Amino acid sequence: MQELTLTVRHKVGLHARPAAKFVKTAKSYNSQISITNLTRNSKTVDAKSLVGVVKIAVACEHQIKLEIEGEDEQQAAEALRTFIEEALEEQP
Amino acid sequence: MRQLTGVPASDGIAIGPVFVYSVEVPPVERRQVPDPALELQRFDDAVTAVTERLIQIEQETKGGYSAEDFEILEVQRMLLTDDEYGGVIRTRIETERVNAEAAVEDVTRNLAQEFSEVEDDYFSQRAADIRDIGGRLLRTLANVADIDMAHLDRPVIVYAHDLTPSDTISFDPAKILGLCTETGSATSHTAILARSLGVPAVVGVGAAEITDGEEIVIDGGEGLVLVAPTQQMRGQYEVRMQQYSLERDALIGEAHEPAVTTDGRALEVVANVGSVVEAERAVELGAEGIGLLRTEFLFLERRQLPSESEQYEIYRRVADLYGDKPVIVRTLDVGGDKQLPSVKLPHEQNPFLGHRAIRLCLERTELFQTQLRALLRAGFERNILIMLPFVSTVPELKRALEQVEAARETLRANSEPYNPETKVGIMIEIPSAAVMADKLAPYVDFFSIGTNDLCQYTLAADRTNEQVAHIASPFDPAILRLIHMTIEAGHAHGKWVGMCGEMAGNQLALPLLLGLKLDEFSMAPAAVPAAKHRLRTLSQSDCVSVAGQCLDCEDAEAVRAILEGVQRDLPEDS
């Protein structure tokens with residue numbers, strides 16, 4: 001299993017477009033992927049559910065934990081880490 | 001002819017037949033089902049059909065729509081198969097053995113409710129998408145066809161209760177003259193879409209009972225709708241419509257130049273806005289700051305009060321748009337006729353003379369403190385000014401200033417960065433405040449005259465009552481005298497005086513206000529380019545004598561006559 005703790009830098013957090021893109025990325029892997037908003041001490045939700053991701057209300061600067069399990073966990077972890085980190089470059 | 005007033009959502013004028021767009025959700029009949037497998041199949045078929053329909057809409061969609069509009073369609077498609085939506089519907093059909101319609105209705109309602117409570121504008125608006133997708137599923141289950149908006153036979157003005165992205169994306173922009181909705185604000189989807197399509201729009205006109213094919217005029221700059229206009233009115237608007245596009249281009253071209261009179265007085269032309277989107281638009285139109293940021297949008301249509309950090313974030317965003325230029329934020333102006341879902345207010349006999357604005361804030365101090373702290377913090381290294389509405393007496397002002405001081409103390413005690421020098425001014429919109437301006441002036445940094453309320457209170461005429469509204473004219477000499485007194489009193493104490501009522505953007509009024517030595521003109525963003533243009537053609541010294549004549553008139557008609565004379569003497573190129 002892969003476990004990642006990341007800080008969200010998207011200005012709007014994992015809301016709006018970033019949330020939809022995040023879920024789309026997660027959905028493209030077979031692994032089970034869950035996400036927890038550590039900052040809000042949220043419950044753990046399925047990262048492939050847009051509604052779930054939205055409900056844990058991840059804002060900018062929040063810490064999230066991703067747990068990824070499955071045959072393509074390595075690739076999924078890499079892609080999701082890149083997604084969260086690349087947001088740094090989207091900042092003006 | 002009937003006239004409706006709404007919120008100006010997208011500038012311009014449109015004249016044409018109405019297309020009433022109404023998407024009705026068929027009534028749901030709930031029943032228990034013997035075989036859930038059959039219902040699951042019906043539901044899955046409906047999901048497939050709706051998904052195909054959404055893809056078809058995307059493919060047929062013509063130009064004029066943004067990438068964001070398409071993403072909204074994609075989000076809707078994702079929802080259909082989302083475990084927390086489509087998944088929950090399937091579970092409900094299986095475990096509760098109900099028909100697909102009942103499950104769709106329940107789950108849609110619950111989820112839309114949850115979304116609308118998320119403290120995030122984007123997602124509270126997505127509640128509409130969820131209802132929309134639920135409506136599509138229910139129509140598909142009931143075999144009700146979609147309205148075909150991609151193949152209209154003539155250009156129309158679309159009139160609807162409200163419009164969602166998946167409604168509007170199938171519209172053919174070439175056939176849309178304008179948009180008009182019963183609900184909505186300047187930031188609703190309809191408004192944003194209209195601006196991106198460049199068609200006029202008026203939103204929030206209320207239930208208007210307009211019928212299909214009826215001719216209407218919409219004036220997106222003023223927020224006016226004329227139903228079945230008279231021949232004469234129609235003619236007037238036709239001329240304005242043609243002029244509009246020509247002038248608009250020319251004016252916007254020079255809108256970023258400063259407004260300096262022919263005799264060298266530099267005037268501040270700023271905007272009245274009620275949302276971040278409007279503030280952005282005002283920058284494009286050449287506003288040199290914000291003269292009035294209404295903060296009610298943060299409080300309306302929501303169940304929970306906005307937190308200090310949420311407010312801070314919004315004020316910071318608006319101020320950052322303007323850099324060093326001033327952003328004047330008016331503290332909460334609700335109560336009376338403007339209700340808040342998050343604050344229970346008693347019904348009042350006479351809301352316009354009731355427990356509203358600063359009066360309410362002085363009683364609900366926790367509400368006021370949160371807003372003041374957010375403003376003082378956002379003002380750190382930014383040019384944010386605080387404006388208190390509806391001040392009627394000196395003691396009331398003193399109490400409000402004590403509140404500002406209390407907010408500063410809290411921030412100081414918590415060692416949070418804030419601006420200790422944030423300027424605090426008041427609106428002059430109650431006659432008593434204008435009369436007592438010389439006593440109020442020492443306590444404040446500036447005045448901003450709110451003519452809309454000042455007119456109705458001074459002349460005792462409700463501006464929303466058609467029969468008496470004409471009495472509340474800003475050109476009445478009584479109003480001019482109060483404005484004059486306020487400006488003189490402010491200047492005598494070294495304080496600047498602005499105006500954020502509709503009068504400040506009125507072309508006819510500009511020479512008069514310049515002559516009264518108004519320092520700052522704050523108006524709807526759309527009025528900025530033309531006002532700057534007009535002010536550049538005027539000279540302060542000529543206008544002083546115009547103002548003197550106006551102050552000496554007997555009635556509003558005489559004032560108008562003088563100002564119309566000044567207007568006629570405009571140089572050719574104006």
# chains A, B, ... in the order shown; residues from 1 in each chain; ligands from 1
call {"tool": "select_by_dssp", "arguments": {"residues": "segment 91-237 of chain B", "states": "helix (DSSP H, G or I)", "output": "ChimeraX atom specification"}}
result
/B:91-96,100-117,121-141,165-168,173-175,189-197,231-237
call {"tool": "closest_atom_pairs", "arguments": {"of": "chain A", "to": "chain B", "cutoff": "10 Å", "atoms": "only C-alpha atoms", "output": "CSV"}}
result
residue,atom,partner,partner_atom,distance
A:Val12,CA,B:Asp120,CA,9.2
A:His15,CA,B:Phe123,CA,7.5
A:Ala16,CA,B:Tyr122,CA,6.1
A:Arg17,CA,B:Glu71,CA,7.7
A:Ala19,CA,B:Val75,CA,9.8
A:Ala20,CA,B:Val75,CA,6.7
A:Lys21,CA,B:Val75,CA,9.6
A:Val23,CA,B:Met78,CA,9.2
A:Lys24,CA,B:Met78,CA,8.7
A:Asp46,CA,B:Asp83,CA,8.8
A:Lys48,CA,B:Asp82,CA,7.9
A:Ser49,CA,B:Asp82,CA,5.5
A:Leu50,CA,B:Asp82,CA,6.8
A:Val51,CA,B:Glu84,CA,6.0
A:Gly52,CA,B:Glu84,CA,6.8
A:Val54,CA,B:Phe123,CA,8.0
A:Lys55,CA,B:Val118,CA,7.6
A:Ile56,CA,B:Val118,CA,9.7
A:Ala57,CA,B:Val118,CA,7.9
A:Ala59,CA,B:Asp120,CA,9.7
call {"tool": "write_last_selection", "arguments": {"atoms": "C-alpha atoms", "output": "CSV table (one decimal), in the first residue's frame"}}
result
chain,number,residue,atom,x,y,z
A,12,VAL,CA,-9.4,27.1,-4.3
A,15,HIS,CA,-12.9,22.3,-5.0
A,16,ALA,CA,-14.3,23.3,-8.3
A,17,ARG,CA,-12.1,22.3,-11.2
A,19,ALA,CA,-11.6,18.4,-7.5
A,20,ALA,CA,-13.1,17.2,-10.7
A,21,LYS,CA,-9.6,16.7,-12.2
A,23,VAL,CA,-11.2,12.5,-9.2
A,24,LYS,CA,-10.8,11.9,-12.9
A,46,ASP,CA,-13.3,7.3,-1.7
A,48,LYS,CA,-13.0,8.3,-6.9
A,49,SER,CA,-16.2,10.0,-5.7
A,50,LEU,CA,-16.5,13.7,-6.6
A,51,VAL,CA,-19.2,14.1,-4.0
A,52,GLY,CA,-17.0,12.5,-1.3
A,54,VAL,CA,-16.1,17.7,-2.1
A,55,LYS,CA,-17.7,16.9,1.3
A,56,ILE,CA,-14.4,16.8,3.1
A,57,ALA,CA,-13.9,20.4,2.0
A,59,ALA,CA,-9.1,24.2,1.3
call {"tool": "select_by_dssp", "arguments": {"residues": "chain A", "states": "strand (DSSP E or B)", "output": "VMD selection string"}}
result
chain A and resid 2 to 7 32 to 37 44 to 46 63 to 69
call {"tool": "atom_distance", "arguments": {"atom1": "atom CA of Asn350 of chain B", "atom2": "atom CA of Asp462 of chain B"}}
result
11.2 Å
call {"tool": "atom_distance", "arguments": {"atom1": "atom CA of Thr7 of chain A", "atom2": "atom CA of Glu85 of chain A"}}
result
8.4 Å
call {"tool": "residues_around", "arguments": {"residues": "segment 61-66 of chain A", "least_positions_apart": "2", "cutoff": "7 Å", "atoms": "only C-alpha atoms", "output": "MDAnalysis selection string"}}
result
chainID A and resid 3:9 33:39 58:59 68
call {"tool": "residues_around", "arguments": {"residues": "Arg240 of chain B", "least_positions_apart": "2", "cutoff": "12 Å", "atoms": "only C-alpha atoms", "output": "JSON, numbers by chain"}}
result
{"B": [12, 13, 14, 15, 217, 218, 219, 221, 233, 234, 235, 236, 237, 238, 242, 243, 244, 245, 246, 247, 248]}
call {"tool": "write_last_selection", "arguments": {"atoms": "N, CA, C and O atoms", "output": "tab-separated table (two decimals), in the first residue's frame"}}
result
chain	number	residue	atom	x	y	z
B	12	GLY	N	-26.21	46.37	-22.12
B	12	GLY	CA	-26.68	46.42	-23.49
B	12	GLY	C	-28.19	46.41	-23.56
B	12	GLY	O	-28.86	46.28	-22.53
B	13	ILE	N	-28.71	46.59	-24.77
B	13	ILE	CA	-30.16	46.64	-24.95
B	13	ILE	C	-30.57	45.58	-25.96
B	13	ILE	O	-29.90	45.40	-26.98
B	14	ALA	N	-31.64	44.89	-25.68
B	14	ALA	CA	-32.17	43.93	-26.63
B	14	ALA	C	-33.66	44.16	-26.77
B	14	ALA	O	-34.34	44.50	-25.81
B	15	ILE	N	-34.16	44.01	-28.00
B	15	ILE	CA	-35.59	44.12	-28.26
B	15	ILE	C	-35.98	42.89	-29.06
B	15	ILE	O	-35.31	42.56	-30.04
B	217	VAL	N	-38.43	44.61	-24.14
B	217	VAL	CA	-37.17	45.32	-24.26
B	217	VAL	C	-36.43	45.02	-22.98
B	217	VAL	O	-37.00	45.11	-21.89
B	218	ILE	N	-35.15	44.62	-23.07
B	218	ILE	CA	-34.38	44.55	-21.83
B	218	ILE	C	-33.20	45.51	-21.91
B	218	ILE	O	-32.53	45.63	-22.92
B	219	ASP	N	-33.04	46.24	-20.82
B	219	ASP	CA	-31.95	47.19	-20.71
B	219	ASP	C	-31.01	46.66	-19.62
B	219	ASP	O	-31.24	46.85	-18.43
B	221	GLY	N	-28.05	47.43	-18.77
B	221	GLY	CA	-27.25	48.38	-18.00
B	221	GLY	C	-28.02	48.92	-16.81
B	221	GLY	O	-27.46	49.18	-15.75
B	233	MET	N	-41.71	54.06	-26.87
B	233	MET	CA	-40.61	53.52	-26.08
B	233	MET	C	-39.73	52.61	-26.92
B	233	MET	O	-38.50	52.64	-26.84
B	234	ARG	N	-40.40	51.80	-27.75
B	234	ARG	CA	-39.66	50.86	-28.59
B	234	ARG	C	-38.70	51.63	-29.50
B	234	ARG	O	-37.54	51.29	-29.64
B	235	GLY	N	-39.24	52.71	-30.07
B	235	GLY	CA	-38.43	53.55	-30.95
B	235	GLY	C	-37.21	54.10	-30.23
B	235	GLY	O	-36.08	54.05	-30.73
B	236	GLN	N	-37.45	54.60	-29.02
B	236	GLN	CA	-36.35	55.17	-28.25
B	236	GLN	C	-35.26	54.15	-27.98
B	236	GLN	O	-34.07	54.44	-28.09
B	237	TYR	N	-35.70	52.93	-27.63
B	237	TYR	CA	-34.71	51.90	-27.32
B	237	TYR	C	-33.98	51.43	-28.56
B	237	TYR	O	-32.82	51.06	-28.51
B	238	GLU	N	-34.68	51.43	-29.71
B	238	GLU	CA	-34.01	51.03	-30.95
B	238	GLU	C	-32.84	51.95	-31.25
B	238	GLU	O	-31.75	51.51	-31.60
B	242	GLN	N	-28.72	50.98	-31.28
B	242	GLN	CA	-27.77	51.19	-32.37
B	242	GLN	C	-26.58	52.03	-31.90
B	242	GLN	O	-25.43	51.71	-32.17
B	243	GLN	N	-26.90	53.09	-31.19
B	243	GLN	CA	-25.86	53.97	-30.66
B	243	GLN	C	-24.92	53.21	-29.74
B	243	GLN	O	-23.72	53.44	-29.73
B	244	TYR	N	-25.56	52.33	-29.00
B	244	TYR	CA	-24.86	51.68	-27.91
B	244	TYR	C	-23.54	51.04	-28.31
B	244	TYR	O	-22.49	51.31	-27.75
B	245	SER	N	-23.61	50.19	-29.34
B	245	SER	CA	-22.41	49.42	-29.66
B	245	SER	C	-21.30	50.34	-30.17
B	245	SER	O	-20.14	50.16	-29.82
B	246	LEU	N	-21.68	51.32	-30.96
B	246	LEU	CA	-20.68	52.28	-31.48
B	246	LEU	C	-19.99	53.02	-30.34
B	246	LEU	O	-18.76	53.04	-30.23
B	247	GLU	N	-20.81	53.60	-29.48
B	247	GLU	CA	-20.28	54.40	-28.39
B	247	GLU	C	-19.45	53.57	-27.42
B	247	GLU	O	-18.40	53.98	-26.96
B	248	ARG	N	-20.00	52.41	-27.16
B	248	ARG	CA	-19.37	51.52	-26.19
B	248	ARG	C	-17.90	51.27	-26.55
B	248	ARG	O	-17.01	51.40	-25.73
call {"tool": "atom_distance", "arguments": {"atom1": "atom CA of Leu512 of chain B", "atom2": "atom CA of Gly548 of chain B"}}
result
8.8 Å
